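*Asks:* Provided below: input.cif, containing mmCIF, C-alpha atoms.
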```
data_input
loop_
_atom_site.label_atom_id
_atom_site.label_comp_id
_atom_site.auth_asym_id
_atom_site.auth_seq_id
_atom_site.Cartn_x
_atom_site.Cartn_y
_atom_site.Cartn_z
CA MET V 22 49.83 42.54 7.46
CA ARG V 23 50.44 44.66 4.38
CA VAL V 24 47.48 45.93 2.41
CA CYS V 25 47.87 47.03 -1.19
CA ILE V 26 45.54 49.92 -1.93
CA PHE V 27 44.44 50.89 -5.43
CA ALA V 28 43.12 54.47 -5.49
CA GLY V 29 42.61 57.45 -7.73
CA SER V 30 45.30 60.08 -8.19
CA ARG V 31 42.41 62.57 -8.31
CA LYS V 32 39.95 63.45 -5.52
CA GLY V 33 36.80 62.90 -7.57
CA THR V 34 33.67 65.03 -7.39
CA ASN V 35 32.22 63.73 -4.12
CA PRO V 36 34.00 64.91 -0.93
CA ALA V 37 33.13 61.53 0.64
CA TYR V 38 35.73 59.84 -1.60
CA GLU V 39 38.60 61.78 -0.05
CA GLN V 40 37.17 61.53 3.48
CA LYS V 41 36.80 57.74 3.31
CA ALA V 42 40.29 57.35 1.81
CA TYR V 43 41.69 59.34 4.74
CA GLU V 44 39.64 57.28 7.22
CA LEU V 45 40.84 54.04 5.66
CA GLY V 46 44.45 55.13 6.14
CA LYS V 47 43.75 55.87 9.79
CA VAL V 48 41.96 52.53 10.33
CA LEU V 49 44.80 50.55 8.74
CA ALA V 50 47.43 52.32 10.84
CA THR V 51 45.40 51.85 14.03
CA LYS V 52 45.21 48.11 13.31
CA GLY V 53 49.00 47.99 12.78
CA MET V 54 48.64 47.24 9.08
CA THR V 55 51.11 48.58 6.53
CA VAL V 56 49.79 50.55 3.56
CA VAL V 57 51.31 49.68 0.18
CA TYR V 58 50.15 52.02 -2.57
CA GLY V 59 51.21 53.96 -5.66
CA GLY V 60 53.22 56.57 -3.73
CA SER V 61 51.46 59.73 -4.91
CA SER V 62 50.76 62.74 -2.72
CA GLY V 63 47.68 63.71 -4.72
CA GLY V 64 44.06 62.66 -4.86
CA LEU V 65 42.73 59.71 -2.93
CA MET V 66 46.21 58.21 -2.81
CA GLY V 67 47.49 61.23 -0.89
CA ALA V 68 44.48 61.28 1.45
CA LEU V 69 44.98 57.58 2.24
CA ALA V 70 48.68 58.07 2.99
CA ASN V 71 48.01 61.18 5.09
CA GLY V 72 45.51 59.30 7.26
CA ALA V 73 47.93 56.43 7.89
CA ILE V 74 50.92 58.71 8.48
CA GLU V 75 48.96 60.87 10.95
CA MET V 76 48.29 57.78 13.04
CA GLY V 77 51.95 56.70 12.96
CA GLY V 78 51.39 53.94 10.41
CA GLU V 79 53.91 52.47 8.01
CA VAL V 80 53.31 53.57 4.42
CA ILE V 81 55.23 52.17 1.46
CA GLY V 82 54.88 53.89 -1.90
CA VAL V 83 55.82 52.35 -5.23
CA MET V 84 56.39 54.97 -7.93
CA PRO V 85 57.42 54.30 -11.53
CA HIS V 86 59.83 56.62 -13.31
CA GLN V 87 57.23 56.77 -16.11
CA LEU V 88 55.10 59.02 -13.87
CA GLU V 89 57.82 61.53 -12.98
CA GLY V 90 56.40 64.97 -13.66
CA ILE V 91 52.84 63.61 -13.74
CA GLU V 92 52.46 62.46 -10.12
CA ILE V 93 54.38 63.90 -7.18
CA SER V 94 55.53 61.28 -4.70
CA HIS V 95 54.51 61.73 -1.08
CA SER V 96 57.36 63.25 0.95
CA LYS V 97 56.55 61.59 4.30
CA LEU V 98 56.48 57.91 3.36
CA SER V 99 58.15 55.24 5.47
CA GLN V 100 59.66 53.96 2.23
CA LEU V 101 59.49 54.96 -1.43
CA ILE V 102 60.38 52.22 -3.90
CA GLN V 103 61.16 53.51 -7.38
CA VAL V 104 60.62 51.21 -10.34
CA GLU V 105 60.92 51.71 -14.08
CA THR V 106 57.43 50.91 -15.40
CA MET V 107 53.78 50.64 -14.45
CA HIS V 108 54.05 46.86 -14.87
CA GLU V 109 56.90 46.78 -12.35
CA ARG V 110 54.83 48.93 -9.99
CA LYS V 111 51.95 46.44 -10.01
CA SER V 112 54.30 43.50 -9.65
CA LYS V 113 56.12 45.06 -6.67
CA MET V 114 52.86 46.06 -4.97
CA ALA V 115 51.50 42.52 -5.41
CA GLU V 116 54.74 41.04 -4.06
CA LEU V 117 54.49 43.18 -0.92
CA ALA V 118 50.75 42.69 -0.33
CA ASP V 119 48.90 40.26 1.92
CA SER V 120 45.52 41.64 0.79
CA TYR V 121 44.03 44.29 -1.50
CA ILE V 122 41.57 47.16 -1.22
CA ALA V 123 40.25 49.26 -4.09
CA LEU V 124 39.10 52.80 -3.39
CA PRO V 125 37.30 54.82 -6.05
CA GLY V 126 39.49 55.70 -9.01
CA GLY V 127 39.79 55.86 -12.76
CA PHE V 128 40.98 53.48 -15.43
CA GLY V 129 44.27 52.74 -13.64
CA THR V 130 42.48 51.74 -10.44
CA LEU V 131 39.97 49.62 -12.34
CA GLU V 132 42.74 47.95 -14.33
CA GLU V 133 44.70 47.13 -11.17
CA LEU V 134 41.57 45.77 -9.49
CA THR V 135 40.50 43.59 -12.42
CA GLU V 136 44.01 42.23 -12.90
CA THR V 137 44.17 41.33 -9.20
CA ILE V 138 40.79 39.60 -9.46
CA THR V 139 41.98 37.73 -12.56
CA TRP V 140 45.14 36.60 -10.77
CA ALA V 141 42.99 35.22 -7.94
CA GLN V 142 40.61 33.59 -10.43
CA ILE V 143 43.45 31.65 -12.08
CA GLY V 144 45.10 30.75 -8.77
CA LEU V 145 48.12 33.07 -8.76
CA HIS V 146 47.17 34.29 -5.29
CA GLN V 147 44.61 33.66 -2.55
CA LYS V 148 44.76 37.10 -0.96
CA PRO V 149 41.54 38.81 0.15
CA ILE V 150 40.20 41.56 -2.14
CA GLY V 151 38.06 44.38 -0.79
CA LEU V 152 36.20 47.22 -2.45
CA LEU V 153 35.40 50.34 -0.44
CA ASN V 154 32.02 51.23 -1.91
CA VAL V 155 32.06 54.95 -1.09
CA ALA V 156 28.78 56.61 -2.14
CA GLY V 157 27.92 53.52 -4.19
CA TYR V 158 30.99 53.89 -6.42
CA TYR V 159 31.47 50.14 -6.93
CA THR V 160 27.77 49.24 -7.21
CA PRO V 161 27.83 49.42 -11.06
CA PHE V 162 31.01 47.32 -11.07
CA MET V 163 29.32 44.63 -8.98
CA THR V 164 26.31 44.78 -11.31
CA MET V 165 28.72 44.02 -14.17
CA VAL V 166 30.23 41.13 -12.17
CA ASP V 167 26.72 39.75 -11.62
CA HIS V 168 25.97 40.16 -15.33
CA ALA V 169 29.16 38.26 -16.23
CA ILE V 170 28.04 35.46 -13.86
CA GLU V 171 24.51 35.39 -15.32
CA SER V 172 26.00 35.35 -18.84
CA GLY V 173 28.18 32.34 -18.03
CA PHE V 174 31.59 34.03 -18.19
CA VAL V 175 32.36 33.97 -14.47
CA ASP V 176 31.66 31.16 -12.02
CA ALA V 177 29.20 32.27 -9.33
CA SER V 178 31.51 31.02 -6.57
CA GLN V 179 34.10 33.62 -7.57
CA ARG V 180 31.88 36.52 -6.52
CA GLN V 181 32.65 35.59 -2.90
CA MET V 182 36.29 36.58 -3.38
CA LEU V 183 35.20 40.24 -3.43
CA LYS V 184 34.40 41.90 -0.10
CA LEU V 185 32.21 44.96 -0.66
CA GLU V 186 31.72 47.39 2.24
CA GLU V 187 30.77 51.06 2.61
CA ASP V 188 32.65 51.60 5.88
CA PRO V 189 36.45 51.37 6.18
CA VAL V 190 36.29 49.66 9.60
CA HIS V 191 33.90 46.98 8.34
CA LEU V 192 35.99 46.39 5.22
CA VAL V 193 39.22 45.96 7.17
CA GLU V 194 37.47 43.60 9.60
CA ALA V 195 36.12 41.54 6.67
CA LEU V 196 39.62 41.25 5.19
CA LEU V 197 41.12 40.28 8.54
CA LYS V 198 38.46 37.61 8.99
CA GLU V 199 39.15 36.30 5.48
CA LYS V 200 42.92 36.24 6.09
CA ALA V 201 42.59 34.36 9.41
#
```
Could I get this file's structure written as structure tokens?
*Replies:*
Amino acid sequence: MRVCIFAGSRKGTNPAYEQKAYELGKVLATKGMTVVYGGSSGGLMGALANGAIEMGGEVIGVMPHQLEGIEISHSKLSQLIQVETMHERKSKMAELADSYIALPGGFGTLEELTETITWAQIGLHQKPIGLLNVAGYYTPFMTMVDHAIESGFVDASQRQMLKLEEDPVHLVEALLKEKA
């Protein structure tokens, strides 16, 4: 199973963000799951890849030429796929993925996550979507989802498509159960 991970290219202010990204990489590799991610060596993306690589896992990075000079691609990937644009990056990552996990991150991570949720909402995929809620990072996001439901913009049944966990092991198990 290939898991597409959305994650920040920065480490963030809480050391737990980087630690949990690293742990997630290790968990995925231990379970024999392939990591598909943005290909960067920095931030949470780099920590994720390092954890998976350390455990002998397969890690596929997808890096757009648009980010050359901004992000440095990881040098120890199983495979680096170079694409022209950010849109091609998301498309390629989605094509390769059997499920998705969002780690903490900035606008890019949030945009990738919400687009993936939208694609599921309109039936373009039925792949499990997980959020690793490190230090409560995604709690405000889920509050917004609940507000959208209460306000009549999102059907309540669609909240179940999001698996929210604080522990990488529990999140991976929830996605595996959903995929089965």
*Asks:* Pick from V:Asp167, V:Glu199, V:Glu44, V:Glu39: nearest to Ser120 of chain V, with only C-alpha atoms counted?
*Replies:*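 Smallest distance to Ser120 of chain V is found for V:Glu199.
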*Asks:* Report as a PyMOL selection string the residues that result from applying the PyMOL selection byres ((chain V and resi 147) around 10) to the structure here.
*Replies:* chain V and resi 119-120+138+140-146+148-150+182+200
*Asks:* Closest to Lys41 of chain V among V:Leu196, V:Cys25, V:Met84, V:Pro125, using only C-alpha atoms?
*Replies:*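 Result for the nearest residue to Lys41 of chain V: V:Pro125.
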*Asks:* Fewer than 6 positions away in the same chain doesn't count, so skip those; otherwise give me all residues within 7 Å of Gly82 of chain V, counting all atoms listed in the file, as a PyMOL selection string.
*Replies:* chain V and resi 57-60+98+100-102
*Asks:* Given the file above and the PyMOL selection byres ((chain V and resi 191) around 12), which residues are selected, and can you give them as a PyMOL selection string?
*Replies:* chain V and resi 44-45+48-49+151-154+184-190+192-198
*Asks:* Find the residue from V:Gly46, V:Pro85, V:Gly77, V:Gly53 that sits nearest to Ile122 of chain V; use all atoms listed in the file when measuring.
*Replies:*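 Of all the options, V:Gly46 lies closest to Ile122 of chain V.
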*Asks:* So, with all atoms listed in the file as the atoms that count, which of V:Ala177, V:Met66, V:Leu131, V:Val166 lies closest to Arg31 of chain V?
*Replies:*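 Of the candidates, the smallest distance to Arg31 of chain V is held by V:Met66.
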*Asks:* Between V:Met22, V:Leu88, V:Leu124, V:Leu134, which has the minimum distance to Leu65 of chain V (counting all atoms listed in the file)?
*Replies:*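 Between V:Met22, V:Leu88, V:Leu124, V:Leu134, the residue approaching Leu65 of chain V most closely is V:Leu124.
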*Asks:* Need the shell around segment 91-93 of chain V: protein/DNA/RNA residues with any atom at most 7 Å away, counting all atoms listed in the file. Skip same-chain ones fewer than 2 positions apart. Format as an MDAnalysis selection string?
*Replies:* chainID V and resid 61:62 88:89 95
*Asks:* Can you tell me how far atom CA of Thr34 of chain V sits from atom CA of Ala123 of chain V, in Å to one decimal?
*Replies:*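 Going from atom CA of Thr34 of chain V over to atom CA of Ala123 of chain V covers 17.4 Å.
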*Asks:* Could you name the residues that touch Gln179 of chain V at 9 Å or less, counting all atoms listed in the file, but leaving out those on the same chain fewer than 4 positions away, as a PyMOL selection string?
*Replies:* chain V and resi 142+170+175+183
*Asks:* Can you tell me how far atom CA of Asn71 of chain V sits from atom CA of Ala118 of chain V, in Å to one decimal?
*Replies:*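 Between atom CA of Asn71 of chain V and atom CA of Ala118 of chain V the gap is 19.5 Å.
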*Asks:* Using all atoms listed in the file, can you tell me which of V:Thr51, V:Asn35, V:Thr160, V:Gln103 comes closest to Gln87 of chain V?
*Replies:*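 Result for the nearest residue to Gln87 of chain V: V:Gln103.
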*Asks:* Set the distance at 10 Å and use only C-alpha atoms: which residues neighbour Gly129 of chain V once local chain neighbours fewer than 6 positions away are removed? I'd like the list as a ChimeraX atom specification.
*Replies:* /V:27-30,107,135
*Asks:* Could you check how far atom CA of Val80 of chain V sits from atom CA of Val56 of chain V, in Å to one decimal?
*Replies:* 4.7 Å
*Asks:* My structure is short of atoms at segment 140-151 of chain V; please model all heavy atoms there, returning them as a PDB file, in the frame of the given file.
*Replies:*
```pdb
ATOM      1  N   TRP V 140      44.067  37.405 -11.366  1.00  0.00           N
ATOM      2  CA  TRP V 140      45.140  36.600 -10.770  1.00  0.00           C
ATOM      3  C   TRP V 140      44.576  35.637  -9.734  1.00  0.00           C
ATOM      4  O   TRP V 140      44.998  34.492  -9.644  1.00  0.00           O
ATOM      5  CB  TRP V 140      46.191  37.495 -10.133  1.00  0.00           C
ATOM      6  CG  TRP V 140      47.048  38.267 -11.096  1.00  0.00           C
ATOM      7  CD1 TRP V 140      47.114  38.126 -12.460  1.00  0.00           C
ATOM      8  CD2 TRP V 140      47.952  39.314 -10.770  1.00  0.00           C
ATOM      9  NE1 TRP V 140      48.001  39.016 -12.987  1.00  0.00           N
ATOM     10  CE2 TRP V 140      48.538  39.761 -11.978  1.00  0.00           C
ATOM     11  CE3 TRP V 140      48.326  39.923  -9.588  1.00  0.00           C
ATOM     12  CZ2 TRP V 140      49.485  40.784 -12.015  1.00  0.00           C
ATOM     13  CZ3 TRP V 140      49.266  40.944  -9.624  1.00  0.00           C
ATOM     14  CH2 TRP V 140      49.842  41.362 -10.829  1.00  0.00           C
ATOM     15  N   ALA V 141      43.617  36.106  -8.930  1.00  0.00           N
ATOM     16  CA  ALA V 141      42.990  35.220  -7.940  1.00  0.00           C
ATOM     17  C   ALA V 141      42.172  34.139  -8.647  1.00  0.00           C
ATOM     18  O   ALA V 141      42.209  32.962  -8.258  1.00  0.00           O
ATOM     19  CB  ALA V 141      42.092  36.024  -6.993  1.00  0.00           C
ATOM     20  N   GLN V 142      41.466  34.523  -9.687  1.00  0.00           N
ATOM     21  CA  GLN V 142      40.610  33.590 -10.430  1.00  0.00           C
ATOM     22  C   GLN V 142      41.419  32.423 -11.005  1.00  0.00           C
ATOM     23  O   GLN V 142      40.963  31.283 -10.995  1.00  0.00           O
ATOM     24  CB  GLN V 142      39.902  34.344 -11.555  1.00  0.00           C
ATOM     25  CG  GLN V 142      38.939  33.516 -12.363  1.00  0.00           C
ATOM     26  CD  GLN V 142      38.326  34.330 -13.494  1.00  0.00           C
ATOM     27  OE1 GLN V 142      38.950  35.227 -14.044  1.00  0.00           O
ATOM     28  NE2 GLN V 142      37.106  33.994 -13.841  1.00  0.00           N
ATOM     29  N   ILE V 143      42.642  32.715 -11.475  1.00  0.00           N
ATOM     30  CA  ILE V 143      43.450  31.650 -12.080  1.00  0.00           C
ATOM     31  C   ILE V 143      44.433  31.024 -11.091  1.00  0.00           C
ATOM     32  O   ILE V 143      45.269  30.212 -11.473  1.00  0.00           O
ATOM     33  CB  ILE V 143      44.175  32.137 -13.358  1.00  0.00           C
ATOM     34  CG1 ILE V 143      45.172  33.256 -13.047  1.00  0.00           C
ATOM     35  CG2 ILE V 143      43.161  32.562 -14.416  1.00  0.00           C
ATOM     36  CD1 ILE V 143      46.022  33.685 -14.239  1.00  0.00           C
ATOM     37  N   GLY V 144      44.320  31.406  -9.807  1.00  0.00           N
ATOM     38  CA  GLY V 144      45.100  30.750  -8.770  1.00  0.00           C
ATOM     39  C   GLY V 144      46.490  31.296  -8.519  1.00  0.00           C
ATOM     40  O   GLY V 144      47.288  30.649  -7.836  1.00  0.00           O
ATOM     41  N   LEU V 145      46.790  32.502  -9.015  1.00  0.00           N
ATOM     42  CA  LEU V 145      48.120  33.070  -8.760  1.00  0.00           C
ATOM     43  C   LEU V 145      48.256  33.624  -7.348  1.00  0.00           C
ATOM     44  O   LEU V 145      49.362  33.830  -6.871  1.00  0.00           O
ATOM     45  CB  LEU V 145      48.437  34.167  -9.784  1.00  0.00           C
ATOM     46  CG  LEU V 145      48.589  33.702 -11.229  1.00  0.00           C
ATOM     47  CD1 LEU V 145      48.894  34.890 -12.143  1.00  0.00           C
ATOM     48  CD2 LEU V 145      49.667  32.636 -11.359  1.00  0.00           C
ATOM     49  N   HIS V 146      47.143  33.896  -6.699  1.00  0.00           N
ATOM     50  CA  HIS V 146      47.170  34.290  -5.290  1.00  0.00           C
ATOM     51  C   HIS V 146      45.835  33.926  -4.653  1.00  0.00           C
ATOM     52  O   HIS V 146      44.848  33.679  -5.345  1.00  0.00           O
ATOM     53  CB  HIS V 146      47.497  35.776  -5.103  1.00  0.00           C
ATOM     54  CG  HIS V 146      46.377  36.710  -5.439  1.00  0.00           C
ATOM     55  ND1 HIS V 146      45.351  36.983  -4.567  1.00  0.00           N
ATOM     56  CD2 HIS V 146      46.116  37.445  -6.549  1.00  0.00           C
ATOM     57  CE1 HIS V 146      44.514  37.844  -5.117  1.00  0.00           C
ATOM     58  NE2 HIS V 146      44.950  38.137  -6.333  1.00  0.00           N
ATOM     59  N   GLN V 147      45.832  33.903  -3.321  1.00  0.00           N
ATOM     60  CA  GLN V 147      44.610  33.660  -2.550  1.00  0.00           C
ATOM     61  C   GLN V 147      44.439  34.754  -1.511  1.00  0.00           C
ATOM     62  O   GLN V 147      43.979  34.511  -0.405  1.00  0.00           O
ATOM     63  CB  GLN V 147      44.668  32.282  -1.895  1.00  0.00           C
ATOM     64  CG  GLN V 147      44.706  31.157  -2.890  1.00  0.00           C
ATOM     65  CD  GLN V 147      44.848  29.805  -2.210  1.00  0.00           C
ATOM     66  OE1 GLN V 147      45.132  29.693  -1.025  1.00  0.00           O
ATOM     67  NE2 GLN V 147      44.655  28.751  -2.989  1.00  0.00           N
ATOM     68  N   LYS V 148      44.814  35.959  -1.873  1.00  0.00           N
ATOM     69  CA  LYS V 148      44.760  37.100  -0.960  1.00  0.00           C
ATOM     70  C   LYS V 148      43.365  37.730  -1.017  1.00  0.00           C
ATOM     71  O   LYS V 148      42.776  37.841  -2.088  1.00  0.00           O
ATOM     72  CB  LYS V 148      45.814  38.123  -1.364  1.00  0.00           C
ATOM     73  CG  LYS V 148      47.232  37.564  -1.343  1.00  0.00           C
ATOM     74  CD  LYS V 148      48.231  38.541  -1.943  1.00  0.00           C
ATOM     75  CE  LYS V 148      49.619  37.924  -2.040  1.00  0.00           C
ATOM     76  NZ  LYS V 148      50.589  38.848  -2.651  1.00  0.00           N
ATOM     77  N   PRO V 149      42.850  38.163   0.127  1.00  0.00           N
ATOM     78  CA  PRO V 149      41.540  38.810   0.150  1.00  0.00           C
ATOM     79  C   PRO V 149      41.527  40.097  -0.686  1.00  0.00           C
ATOM     80  O   PRO V 149      42.535  40.826  -0.730  1.00  0.00           O
ATOM     81  CB  PRO V 149      41.316  39.139   1.621  1.00  0.00           C
ATOM     82  CG  PRO V 149      42.268  38.293   2.380  1.00  0.00           C
ATOM     83  CD  PRO V 149      43.426  38.039   1.468  1.00  0.00           C
ATOM     84  N   ILE V 150      40.382  40.372  -1.304  1.00  0.00           N
ATOM     85  CA  ILE V 150      40.200  41.560  -2.140  1.00  0.00           C
ATOM     86  C   ILE V 150      38.974  42.305  -1.641  1.00  0.00           C
ATOM     87  O   ILE V 150      37.875  41.743  -1.595  1.00  0.00           O
ATOM     88  CB  ILE V 150      40.009  41.189  -3.619  1.00  0.00           C
ATOM     89  CG1 ILE V 150      41.200  40.365  -4.135  1.00  0.00           C
ATOM     90  CG2 ILE V 150      39.810  42.452  -4.473  1.00  0.00           C
ATOM     91  CD1 ILE V 150      40.969  39.738  -5.499  1.00  0.00           C
ATOM     92  N   GLY V 151      39.164  43.569  -1.277  1.00  0.00           N
ATOM     93  CA  GLY V 151      38.060  44.380  -0.790  1.00  0.00           C
ATOM     94  C   GLY V 151      37.819  45.591  -1.673  1.00  0.00           C
ATOM     95  O   GLY V 151      38.746  46.116  -2.289  1.00  0.00           O
TER      96      GLY V 151
END
```
